[in-house]
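With mmCIF, C-alpha atoms and all ligand atoms inside, this is run-v2.cif:
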data_input
loop_
_atom_site.label_atom_id
_atom_site.label_comp_id
_atom_site.auth_asym_id
_atom_site.auth_seq_id
_atom_site.Cartn_x
_atom_site.Cartn_y
_atom_site.Cartn_z
CA MET F 1 -24.03 10.27 11.72
CA LYS F 2 -20.72 8.59 10.96
CA GLN F 3 -19.71 8.44 7.32
CA LYS F 4 -19.33 4.91 6.00
CA ILE F 5 -16.35 4.11 3.75
CA LEU F 6 -15.83 1.02 1.60
CA LEU F 7 -12.27 -0.33 1.67
CA THR F 8 -11.72 -2.87 -1.11
CA GLY F 9 -8.70 -4.97 -0.15
CA GLY F 10 -9.01 -3.56 3.36
CA ALA F 11 -7.61 -6.71 4.98
CA GLY F 12 -4.25 -6.26 3.23
CA TYR F 13 -1.10 -4.61 4.49
CA ILE F 14 -1.91 -0.97 3.66
CA GLY F 15 -5.69 -1.38 3.89
CA SER F 16 -5.58 -2.73 7.46
CA HIS F 17 -3.43 0.16 8.69
CA THR F 18 -5.71 2.61 6.91
CA ALA F 19 -8.80 0.99 8.47
CA VAL F 20 -7.33 1.63 11.92
CA GLU F 21 -6.64 5.31 11.15
CA LEU F 22 -10.08 5.82 9.58
CA LEU F 23 -11.88 4.26 12.56
CA GLN F 24 -9.82 6.41 14.90
CA SER F 25 -10.76 9.48 12.84
CA GLY F 26 -14.47 8.75 13.29
CA TYR F 27 -15.31 6.99 10.01
CA GLU F 28 -17.21 3.73 9.79
CA VAL F 29 -15.44 1.03 7.78
CA LEU F 30 -16.78 -1.68 5.49
CA ILE F 31 -14.18 -4.09 4.06
CA LEU F 32 -14.57 -6.08 0.84
CA ASP F 33 -11.79 -8.65 0.46
CA ASN F 34 -11.39 -12.11 -1.06
CA PHE F 35 -8.37 -12.89 1.19
CA VAL F 36 -6.24 -13.96 -1.76
CA ASN F 37 -3.30 -12.22 -0.06
CA SER F 38 -4.44 -11.66 3.52
CA HIS F 39 -5.80 -13.36 6.64
CA LYS F 40 -9.21 -13.13 8.29
CA VAL F 41 -7.65 -12.60 11.70
CA VAL F 42 -6.66 -9.12 10.49
CA ILE F 43 -10.27 -7.98 10.86
CA LYS F 44 -10.26 -8.95 14.55
CA GLN F 45 -6.93 -7.23 15.03
CA ILE F 46 -8.31 -3.98 13.54
CA GLU F 47 -11.31 -4.23 15.87
CA ARG F 48 -9.10 -4.92 18.89
CA LEU F 49 -6.81 -1.99 18.16
CA THR F 50 -9.66 0.47 17.72
CA ASN F 51 -12.35 -0.99 19.97
CA ARG F 52 -14.72 -0.52 17.05
CA SER F 53 -16.48 -3.02 14.85
CA VAL F 54 -15.76 -3.53 11.17
CA LYS F 55 -18.24 -4.89 8.67
CA LEU F 56 -16.71 -7.53 6.38
CA ILE F 57 -17.95 -8.76 3.04
CA GLU F 58 -15.95 -11.66 1.68
CA GLY F 59 -15.95 -11.39 -2.10
CA ASP F 60 -14.15 -10.46 -5.27
CA VAL F 61 -14.03 -6.84 -6.39
CA ARG F 62 -14.63 -8.07 -9.95
CA ASP F 63 -17.99 -9.55 -8.95
CA ILE F 64 -20.47 -6.91 -10.11
CA ASP F 65 -23.41 -8.59 -8.31
CA VAL F 66 -21.54 -8.41 -5.00
CA LEU F 67 -20.70 -4.74 -5.64
CA GLU F 68 -24.27 -3.81 -6.61
CA ARG F 69 -25.68 -5.46 -3.50
CA LEU F 70 -23.06 -3.87 -1.29
CA PHE F 71 -23.73 -0.38 -2.68
CA SER F 72 -27.50 -0.73 -2.42
CA ASP F 73 -27.37 -2.12 1.15
CA ASN F 74 -24.99 0.54 2.48
CA ASN F 75 -25.12 4.30 2.43
CA LEU F 76 -21.52 4.93 1.41
CA SER F 77 -19.78 8.32 1.52
CA GLY F 78 -16.70 7.14 -0.31
CA VAL F 79 -14.45 4.31 -1.44
CA ILE F 80 -10.74 3.57 -0.99
CA HIS F 81 -9.75 1.00 -3.57
CA PHE F 82 -6.77 -1.09 -2.41
CA ALA F 83 -7.77 -4.49 -3.85
CA GLY F 84 -5.25 -5.64 -6.40
CA LEU F 85 -2.23 -7.76 -7.17
CA LYS F 86 1.13 -6.11 -6.53
CA ALA F 87 4.15 -8.28 -7.41
CA VAL F 88 6.03 -6.71 -10.32
CA GLY F 89 7.81 -9.94 -11.38
CA GLU F 90 4.60 -11.98 -11.21
CA SER F 91 2.87 -9.37 -13.39
CA VAL F 92 5.43 -10.05 -16.13
CA ALA F 93 4.68 -13.79 -15.92
CA GLN F 94 0.87 -13.43 -15.60
CA PRO F 95 -0.09 -10.17 -17.32
CA SER F 96 -3.70 -11.10 -18.09
CA ASN F 97 -4.36 -11.93 -14.45
CA TYR F 98 -2.89 -8.61 -13.38
CA TYR F 99 -4.89 -6.62 -15.94
CA ASP F 100 -8.03 -8.50 -15.00
CA VAL F 101 -7.79 -7.95 -11.24
CA ASN F 102 -6.24 -4.48 -11.31
CA VAL F 103 -7.90 -2.91 -14.35
CA THR F 104 -11.17 -4.81 -14.83
CA GLY F 105 -11.72 -4.75 -11.06
CA SER F 106 -11.28 -0.98 -10.95
CA LEU F 107 -13.47 -0.30 -14.01
CA GLY F 108 -16.33 -2.38 -12.59
CA LEU F 109 -16.05 -0.61 -9.26
CA MET F 110 -16.17 2.81 -10.95
CA ARG F 111 -19.23 1.77 -13.00
CA VAL F 112 -21.12 0.64 -9.91
CA MET F 113 -20.07 3.80 -8.06
CA GLU F 114 -21.41 5.95 -10.90
CA ALA F 115 -24.69 4.01 -11.02
CA SER F 116 -25.21 4.34 -7.28
CA GLY F 117 -24.19 7.99 -7.05
CA VAL F 118 -21.10 7.50 -4.84
CA LYS F 119 -18.67 10.10 -6.09
CA ALA F 120 -15.62 10.07 -3.81
CA LEU F 121 -12.85 7.61 -4.72
CA VAL F 122 -9.26 7.22 -3.51
CA PHE F 123 -7.14 4.74 -5.48
CA SER F 124 -3.89 2.90 -4.59
CA SER F 125 -1.53 3.85 -7.37
CA SER F 126 2.23 3.53 -7.27
CA ALA F 127 5.43 5.43 -7.92
CA THR F 128 6.13 2.67 -10.42
CA VAL F 129 3.98 4.61 -12.95
CA TYR F 130 6.97 6.98 -13.32
CA GLY F 131 9.47 4.26 -14.32
CA ASP F 132 13.10 5.36 -14.61
CA PRO F 133 13.02 9.04 -13.61
CA ASP F 134 14.41 11.82 -15.82
CA GLU F 135 14.54 14.17 -12.84
CA LEU F 136 14.57 13.89 -9.06
CA PRO F 137 12.65 14.40 -6.86
CA LEU F 138 9.65 12.96 -8.71
CA ARG F 139 6.82 15.41 -9.15
CA GLU F 140 3.32 14.40 -10.13
CA ASP F 141 3.68 16.02 -13.55
CA ALA F 142 6.57 13.69 -14.51
CA PRO F 143 5.63 11.59 -17.55
CA TYR F 144 4.13 8.12 -17.25
CA LYS F 145 6.82 5.54 -18.09
CA PRO F 146 5.75 2.29 -16.41
CA GLU F 147 7.96 -0.67 -17.25
CA SER F 148 5.87 -3.68 -16.20
CA PRO F 149 2.31 -4.94 -16.65
CA TYR F 150 1.80 -4.06 -12.97
CA GLY F 151 2.91 -0.47 -13.54
CA ARG F 152 0.82 -0.19 -16.71
CA SER F 153 -2.23 -1.52 -14.86
CA LYS F 154 -1.90 1.37 -12.38
CA MET F 155 -1.40 3.92 -15.18
CA TRP F 156 -4.46 2.67 -17.07
CA VAL F 157 -6.65 2.89 -13.99
CA GLU F 158 -5.44 6.44 -13.35
CA GLN F 159 -6.29 7.35 -16.94
CA ALA F 160 -9.71 5.72 -16.70
CA MET F 161 -10.31 7.67 -13.49
CA ALA F 162 -9.34 10.93 -15.22
CA ASP F 163 -11.58 10.21 -18.23
CA THR F 164 -14.51 9.23 -16.02
CA ALA F 165 -14.07 12.33 -13.88
CA ASN F 166 -13.99 14.46 -17.07
CA SER F 167 -17.20 12.95 -18.35
CA ASN F 168 -18.99 13.19 -15.02
CA THR F 169 -18.34 16.56 -13.48
CA ASN F 170 -19.62 15.51 -10.08
CA CYS F 171 -16.79 13.04 -9.41
CA SER F 172 -13.95 13.48 -6.94
CA TYR F 173 -11.30 10.92 -7.73
CA MET F 174 -7.76 10.84 -6.34
CA ALA F 175 -4.92 8.46 -7.18
CA LEU F 176 -2.26 8.18 -4.48
CA ARG F 177 1.16 7.25 -5.81
CA TYR F 178 2.85 5.39 -2.99
CA PHE F 179 6.61 5.28 -2.78
CA ASN F 180 7.95 2.36 -0.64
CA PRO F 181 5.59 1.59 2.26
CA VAL F 182 7.32 -0.28 5.12
CA GLY F 183 7.05 -0.94 8.85
CA ALA F 184 4.05 -1.81 10.94
CA HIS F 185 1.56 -0.37 13.39
CA ALA F 186 3.31 0.83 16.58
CA SER F 187 1.39 -1.80 18.60
CA GLY F 188 3.13 -4.58 16.64
CA GLU F 189 -0.31 -6.20 16.23
CA ILE F 190 -0.72 -5.69 12.49
CA GLY F 191 2.01 -5.60 9.85
CA GLU F 192 3.25 -6.84 6.51
CA ASP F 193 2.99 -10.58 5.98
CA PRO F 194 4.25 -11.57 2.52
CA ASN F 195 3.65 -15.06 1.16
CA GLY F 196 6.80 -17.14 0.65
CA ILE F 197 10.16 -15.52 0.06
CA PRO F 198 9.75 -11.72 0.22
CA ASN F 199 10.44 -9.83 -3.01
CA ASN F 200 10.88 -6.55 -1.20
CA LEU F 201 13.81 -5.34 0.80
CA PHE F 202 12.22 -4.45 4.12
CA PRO F 203 10.36 -7.71 4.87
CA TYR F 204 13.43 -9.65 3.71
CA VAL F 205 15.67 -7.77 6.13
CA ALA F 206 13.13 -8.27 8.94
CA GLN F 207 13.08 -12.02 8.25
CA VAL F 208 16.88 -12.18 8.32
CA ALA F 209 16.83 -10.38 11.68
CA VAL F 210 14.33 -12.84 13.13
CA GLY F 211 16.26 -15.85 11.81
CA ARG F 212 13.84 -16.99 9.11
CA ARG F 213 16.37 -16.27 6.34
CA GLU F 214 20.12 -16.56 6.42
CA ALA F 215 21.34 -13.50 4.53
CA LEU F 216 20.14 -10.63 2.40
CA THR F 217 21.37 -10.49 -1.17
CA ILE F 218 22.03 -6.87 -2.09
CA PHE F 219 20.95 -6.50 -5.70
CA GLY F 220 23.95 -4.60 -7.01
CA ASN F 221 26.44 -2.23 -5.34
CA ASP F 222 27.63 -0.50 -8.49
CA TYR F 223 24.80 2.02 -8.92
CA PRO F 224 25.69 5.70 -9.23
CA THR F 225 24.57 6.36 -5.63
CA LEU F 226 26.58 7.35 -2.55
CA ASP F 227 27.27 3.76 -1.42
CA GLY F 228 26.52 2.04 -4.75
CA THR F 229 23.25 0.42 -3.64
CA GLY F 230 19.71 1.30 -4.74
CA VAL F 231 18.03 4.31 -3.14
CA ARG F 232 14.30 4.48 -2.39
CA ASP F 233 11.85 6.71 -0.53
CA TYR F 234 10.70 4.45 2.32
CA ILE F 235 7.54 5.63 4.05
CA HIS F 236 6.10 4.36 7.33
CA VAL F 237 2.84 2.53 6.62
CA VAL F 238 1.09 4.50 9.39
CA ASP F 239 2.11 7.80 7.76
CA LEU F 240 0.81 6.37 4.50
CA ALA F 241 -2.47 5.35 6.18
CA ARG F 242 -2.87 8.89 7.57
CA GLY F 243 -2.29 10.19 4.06
CA HIS F 244 -5.35 8.18 3.00
CA VAL F 245 -7.47 9.78 5.71
CA ALA F 246 -6.33 13.20 4.47
CA ALA F 247 -7.07 12.26 0.85
CA LEU F 248 -10.47 10.87 1.74
CA ASP F 249 -11.37 14.01 3.71
CA TYR F 250 -10.29 15.99 0.66
CA VAL F 251 -12.34 14.12 -1.95
CA ILE F 252 -15.42 14.14 0.29
CA ASN F 253 -15.10 17.84 1.12
CA ASN F 254 -14.33 18.88 -2.46
CA PRO F 255 -17.20 17.46 -4.48
CA ALA F 256 -16.82 17.62 -8.26
CA MET F 257 -13.04 18.20 -8.01
CA GLY F 258 -12.51 15.86 -10.97
CA PHE F 259 -9.30 13.81 -10.97
CA ASP F 260 -5.96 14.41 -9.32
CA ALA F 261 -2.85 12.32 -8.58
CA VAL F 262 -0.72 12.87 -5.49
CA ASN F 263 2.59 11.37 -4.32
CA LEU F 264 2.75 9.84 -0.86
CA GLY F 265 6.41 9.76 0.08
CA THR F 266 8.77 11.40 2.54
CA GLY F 267 11.03 13.22 0.08
CA PHE F 268 14.11 11.40 1.48
CA GLY F 269 16.04 8.58 -0.14
CA SER F 270 17.71 5.72 1.78
CA SER F 271 20.04 3.11 0.35
CA VAL F 272 19.86 -0.65 0.88
CA ILE F 273 22.80 -0.30 3.27
CA ASP F 274 21.06 2.51 5.19
CA VAL F 275 18.05 0.20 5.72
CA CYS F 276 20.23 -2.71 6.88
CA ASP F 277 22.18 -0.48 9.28
CA ALA F 278 19.01 1.06 10.74
CA PHE F 279 17.45 -2.38 11.19
CA GLU F 280 20.57 -3.68 12.93
CA LYS F 281 20.52 -0.70 15.27
CA VAL F 282 16.93 -1.16 16.44
CA SER F 283 16.88 -4.97 16.53
CA GLY F 284 20.35 -5.58 17.93
CA LYS F 285 20.61 -8.39 15.33
CA GLN F 286 23.20 -8.65 12.64
CA ILE F 287 21.86 -8.50 9.10
CA GLN F 288 24.10 -10.85 7.12
CA ARG F 289 24.51 -9.52 3.60
CA THR F 290 26.07 -10.66 0.38
CA VAL F 291 26.29 -8.71 -2.83
CA GLY F 292 24.70 -10.16 -5.94
CA PRO F 293 24.01 -8.85 -9.43
CA ARG F 294 21.53 -6.07 -10.13
CA ARG F 295 17.87 -7.15 -10.29
CA GLU F 296 16.41 -6.73 -13.77
CA GLY F 297 14.14 -3.70 -14.04
CA ASP F 298 15.49 -1.94 -10.91
CA VAL F 299 16.37 1.73 -11.17
CA ALA F 300 19.26 3.30 -9.25
CA ALA F 301 17.38 5.84 -7.20
CA TYR F 302 14.11 7.63 -6.81
CA TRP F 303 12.29 9.63 -4.22
CA ALA F 304 9.20 11.79 -4.08
CA ASP F 305 8.59 15.47 -4.16
CA PRO F 306 6.04 15.47 -1.31
CA GLU F 307 4.97 19.14 -1.68
CA LYS F 308 1.70 18.59 -3.53
CA ALA F 309 0.39 16.39 -0.71
CA ALA F 310 1.48 19.01 1.82
CA GLN F 311 -0.27 21.86 -0.05
CA LEU F 312 -3.42 20.05 -1.13
CA LEU F 313 -4.02 17.61 1.72
CA SER F 314 -2.12 19.31 4.58
CA TRP F 315 -0.35 16.00 5.06
CA ARG F 316 3.32 15.22 5.52
CA ALA F 317 5.08 12.02 6.53
CA GLU F 318 6.38 12.35 10.08
CA LEU F 319 8.08 9.06 10.96
CA ASN F 320 11.73 8.40 10.12
CA LEU F 321 13.64 5.30 9.02
CA LEU F 322 14.51 4.27 12.58
CA GLN F 323 10.82 4.41 13.56
CA MET F 324 9.92 2.34 10.48
CA CYS F 325 12.48 -0.26 11.59
CA GLU F 326 11.45 -0.17 15.27
CA ASP F 327 7.78 -0.74 14.50
CA GLY F 328 8.54 -3.29 11.79
CA TRP F 329 10.78 -5.17 14.24
CA ARG F 330 8.12 -5.12 16.99
CA TRP F 331 5.71 -6.86 14.61
CA GLN F 332 8.26 -9.28 13.13
CA SER F 333 9.68 -10.32 16.50
CA ALA F 334 6.23 -10.80 18.10
CA TYR F 335 4.93 -12.83 15.13
CA PRO F 336 7.95 -14.28 13.29
CA ASN F 337 5.68 -16.14 10.85
CA GLY F 338 3.14 -13.35 10.55
CA TYR F 339 -0.60 -13.90 10.95
CA VAL F 340 -0.22 -17.68 10.90
CA ASP F 341 1.29 -17.35 14.37
CA MET F 342 -1.84 -15.55 15.53
CA ASP F 343 -4.13 -18.17 14.04
CA SER F 344 -2.22 -20.88 15.89
CA VAL F 345 -2.35 -19.22 19.29
CA ARG F 346 -6.06 -18.39 19.14
CA THR F 347 -8.91 -20.84 19.14
CA PRO F 348 -11.44 -20.58 16.29
CA GLU F 349 -14.04 -19.31 18.81
CA SER F 350 -11.88 -16.33 19.73
CA LEU F 351 -11.43 -15.27 16.09
P1 LIG S 401 -1.89 -6.55 -0.07
O1 LIG S 401 -1.75 -7.69 -1.01
O2 LIG S 401 -1.44 -6.74 1.33
O3 LIG S 401 -3.42 -6.07 -0.03
C1 LIG S 401 -4.29 -6.22 -1.12
C2 LIG S 401 -5.59 -6.79 -0.60
O4 LIG S 401 -6.49 -6.92 -1.70
C3 LIG S 401 -5.41 -8.19 0.03
O5 LIG S 401 -6.10 -8.26 1.25
C4 LIG S 401 -6.04 -9.12 -1.01
O6 LIG S 401 -6.58 -10.28 -0.41
C5 LIG S 401 -7.08 -8.23 -1.63
N1 LIG S 401 -7.47 -8.59 -2.99
C6 LIG S 401 -6.65 -8.91 -4.03
N2 LIG S 401 -7.39 -9.19 -5.12
C7 LIG S 401 -8.69 -9.03 -4.77
C8 LIG S 401 -9.92 -9.18 -5.46
N3 LIG S 401 -9.96 -9.55 -6.75
N4 LIG S 401 -11.06 -8.93 -4.80
C9 LIG S 401 -11.04 -8.57 -3.48
N5 LIG S 401 -9.92 -8.42 -2.78
C10 LIG S 401 -8.74 -8.65 -3.42
O7 LIG S 401 -1.17 -5.29 -0.74
P2 LIG S 401 -0.86 -3.87 -0.12
O8 LIG S 401 0.61 -3.75 0.00
O9 LIG S 401 -1.73 -3.59 1.02
O10 LIG S 401 -1.27 -2.97 -1.38
C11 LIG S 401 -2.55 -2.38 -1.48
C12 LIG S 401 -2.63 -1.65 -2.80
O11 LIG S 401 -1.57 -0.70 -2.87
C13 LIG S 401 -2.48 -2.54 -4.02
O12 LIG S 401 -3.37 -2.08 -5.03
C14 LIG S 401 -1.05 -2.33 -4.45
O13 LIG S 401 -0.88 -2.50 -5.83
C15 LIG S 401 -0.83 -0.87 -4.07
N6 LIG S 401 0.58 -0.53 -3.82
C16 LIG S 401 1.30 -1.23 -2.90
C17 LIG S 401 2.65 -0.92 -2.69
C18 LIG S 401 3.50 -1.69 -1.70
O14 LIG S 401 4.72 -1.60 -1.79
N7 LIG S 401 2.92 -2.43 -0.75
C19 LIG S 401 3.25 0.13 -3.40
C20 LIG S 401 2.48 0.84 -4.31
C21 LIG S 401 1.14 0.50 -4.52
N1 LIG S 402 16.72 -5.07 -2.78
C1 LIG S 402 17.84 -5.83 -2.48
N2 LIG S 402 17.65 -7.11 -2.07
C2 LIG S 402 16.41 -7.66 -1.92
C3 LIG S 402 15.28 -6.87 -2.22
C4 LIG S 402 15.48 -5.58 -2.66
O1 LIG S 402 18.96 -5.36 -2.58
O2 LIG S 402 16.31 -8.85 -1.53
C5 LIG S 402 16.90 -3.67 -3.21
C6 LIG S 402 16.38 -3.36 -4.59
O3 LIG S 402 17.35 -3.64 -5.58
C7 LIG S 402 16.04 -1.87 -4.47
C8 LIG S 402 15.63 -1.72 -3.00
O4 LIG S 402 16.17 -2.84 -2.32
O5 LIG S 402 17.20 -1.10 -4.68
C9 LIG S 402 14.12 -1.69 -2.80
O6 LIG S 402 13.54 -2.83 -3.43
P1 LIG S 402 12.04 -3.27 -3.13
O7 LIG S 402 11.80 -4.54 -3.88
O8 LIG S 402 11.79 -3.27 -1.67
O9 LIG S 402 11.17 -2.07 -3.73
P2 LIG S 402 11.05 -1.51 -5.21
O10 LIG S 402 11.42 -0.06 -5.14
O11 LIG S 402 11.76 -2.35 -6.18
O12 LIG S 402 9.48 -1.67 -5.52
C10 LIG S 402 8.45 -1.38 -4.58
C11 LIG S 402 7.26 -2.28 -4.84
C12 LIG S 402 6.60 -1.90 -6.14
C13 LIG S 402 6.25 -0.45 -6.13
C14 LIG S 402 7.47 0.37 -5.85
C15 LIG S 402 7.08 1.84 -5.74
O13 LIG S 402 7.68 -3.63 -4.93
O14 LIG S 402 5.40 -2.62 -6.27
O15 LIG S 402 8.07 -0.04 -4.65
O16 LIG S 402 6.06 1.98 -4.84
F1 LIG S 402 5.75 -0.11 -7.34
#

Could I get this file's structure written as structure tokens?
Amino acid sequence: MKQKILLTGGAGYIGSHTAVELLQSGYEVLILDNFVNSHKVVIKQIERLTNRSVKLIEGDVRDIDVLERLFSDNNLSGVIHFAGLKAVGESVAQPSNYYDVNVTGSLGLMRVMEASGVKALVFSSSATVYGDPDELPLREDAPYKPESPYGRSKMWVEQAMADTANSNTNCSYMALRYFNPVGAHASGEIGEDPNGIPNNLFPYVAQVAVGRREALTIFGNDYPTLDGTGVRDYIHVVDLARGHVAALDYVINNPAMGFDAVNLGTGFGSSVIDVCDAFEKVSGKQIQRTVGPRREGDVAAYWADPEKAAQLLSWRAELNLLQMCEDGWRWQSAYPNGYVDMDSVRTPESL
């Protein structure tokens, strides 16, 4: 029988790509999402891409009644917990909201998991828990130094996972620390669809290429990096999704492993200019750029040491920056306004 996995936040950017990879690996997928930052049409897109059906429960991960019902109605083998809020700047302006959704939501989920005997959990953490690095590449044993409420919310959940796993020796909990997920599914049928003006580099560049924005502002070109612009470890979202399948296999097949945290990155750093140049190459569009001041809170450079994931999960990122740009461009050029474009071309009956 197929193993059924709960994906909280499974309609979001990373969750939707992971749902596709899980279905293609033979898992059954149940999505819990309140669509605060995603579109319902995503569910149909996942089903179309995989030719498999997805069960959807529309609800809030903080709603304990919804969780209890969901766990008692479904025989779950594991959970991947994506649901959360993710904008660093917004977390500074609305910390209580971020702690409520990200921390309270995770604690409630872990309580219901414990009560219903579901022991395998994979959690969306972030490289932001490391803050400004003392050493590169970043290894998992680097100290926690988060610099925003968002980063602290991820650190606190990791610590709660570790404490829970210590107190309950049958748990298998894994936090995945993502570096910078970008790009889209190779079909161009699902991708990243930020609300309003993108905060992040990659969607901003994609929107400049497609003509939705005039020019990219480079946040500082006086960093101590090769070309002066910020360096990050960009990882193709499909590689990242496959990393989740590997992590899920691991927590299911290693019962009572306790808690562990693993980086998901490529181990390579690219600068803002590298990303712009690669995007120009694949799209044939010019990325207009101007240089502005540094963005508060940004660090010069960081990238992952990906060895732990390779050793423990037998997983490595395989797709390079050009492939990230190619697939991201396929999605952006097919749907310049994201999922709204899909909603407008399909009748409600076809959704
Ligand atoms: P996303 O916003 O696209 O997806 C999050 C999903 O969770 C959305 O579908 C949203 O509607 C849903 N959601 C939010 N609050 C909810 C709630 N209270 N109840 C139910 N559903 C809720 O974000 P993403 O980029 O796919 O990120 C997924 C996870 O990965 C998040 O936890 C995020 O913090 C983490 N992460 C993302 C990045 C990144 O750069 N994208 C980097 C590191 C970590
Ligand atoms: N940048 C620009 N102009 C822009 C946007 C970004 O020059 O318009 C630069 C930034 O200064 C940085 C680089 O592009 O040097 C990448 O910035 P992003 O905003 O794309 O990504 P960050 O590394 O700042 O942060 C992202 C997510 C965080 C997450 C972190 C690690 O936003 O939530 O990656 O996973 F924690």

Practice task
Can you work out which one of F:Arg213, F:Arg62, F:His244, F:Lys119 has the shortest atom-to-atom distance to Ala19 of chain F, counting only C-alpha atoms?
Solution key: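 The shortest atom-to-atom distance to Ala19 of chain F comes from F:His244.
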
With 3 Å of padding per side, what axis-aligned box (centre and edge lengths, Å, one decimal) covers all the listed atoms of ligand LIG 402 (chain S)? Give it as JSON.
{"center_x": 12.2, "center_y": -3.4, "center_z": -4.4, "size_x": 19.6, "size_y": 16.8, "size_z": 11.8}

Practice task
Go ahead and find all residues with at least one atom no further than 12 Å from (15.7, -3.5, -9.5) in the file's coordinates, using all atoms listed in the file; report them as a PyMOL selection string.
Solution key: chain F and resi 88-89+128+131-132+147-148+199-201+218-221+223+229-232+272+292-302

Keeping only C-alpha atoms, take the residues you just selected and write them out as a compact mmCIF listing (two decimals), in the coordinates of the input.
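File selection29.txt, as written:
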# COMPACT_ATOMS: atom_id res chain seq x y z
CA VAL F 88 6.03 -6.71 -10.32
CA GLY F 89 7.81 -9.94 -11.38
CA THR F 128 6.13 2.67 -10.42
CA GLY F 131 9.47 4.26 -14.32
CA ASP F 132 13.10 5.36 -14.61
CA GLU F 147 7.96 -0.67 -17.25
CA SER F 148 5.87 -3.68 -16.20
CA ASN F 199 10.44 -9.83 -3.01
CA ASN F 200 10.88 -6.55 -1.20
CA LEU F 201 13.81 -5.34 0.80
CA ILE F 218 22.03 -6.87 -2.09
CA PHE F 219 20.95 -6.50 -5.70
CA GLY F 220 23.95 -4.60 -7.01
CA ASN F 221 26.44 -2.23 -5.34
CA TYR F 223 24.80 2.02 -8.92
CA THR F 229 23.25 0.42 -3.64
CA GLY F 230 19.71 1.30 -4.74
CA VAL F 231 18.03 4.31 -3.14
CA ARG F 232 14.30 4.48 -2.39
CA VAL F 272 19.86 -0.65 0.88
CA GLY F 292 24.70 -10.16 -5.94
CA PRO F 293 24.01 -8.85 -9.43
CA ARG F 294 21.53 -6.07 -10.13
CA ARG F 295 17.87 -7.15 -10.29
CA GLU F 296 16.41 -6.73 -13.77
CA GLY F 297 14.14 -3.70 -14.04
CA ASP F 298 15.49 -1.94 -10.91
CA VAL F 299 16.37 1.73 -11.17
CA ALA F 300 19.26 3.30 -9.25
CA ALA F 301 17.38 5.84 -7.20
CA TYR F 302 14.11 7.63 -6.81

Exercise for the section: Could you jot down the atom CA of Asp60 of chain F to atom CA of Glu189 of chain F separation for me, Å, one decimal place? Expected result: 25.9 Å

Exercise for the section: To one decimal in Å, tell me the separation between atom CA of Asn170 of chain F and atom CA of Pro146 of chain F. Expected result: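 Those two atoms sit 29.3 Å apart.
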
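Comparing the minimum interatomic distances between ligand LIG 401 (chain S) and each of F:Tyr173, F:Phe71, F:Phe123, F:Tyr178, counting all atoms listed in the file, we find that F:Tyr178 sits nearest.
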
Fill in the blank from the handout: One decimal place gives the atom CA of Cys171 of chain F-atom CA of Met113 of chain F separation as 9.9 Å

Exercise for the section: Kindly indicate which residue among F:Asp63, F:Glu47, F:Glu114, F:Glu326 lies nearest to ligand LIG 401 (chain S), using all atoms listed in the file for the distances. Expected result: F:Asp63
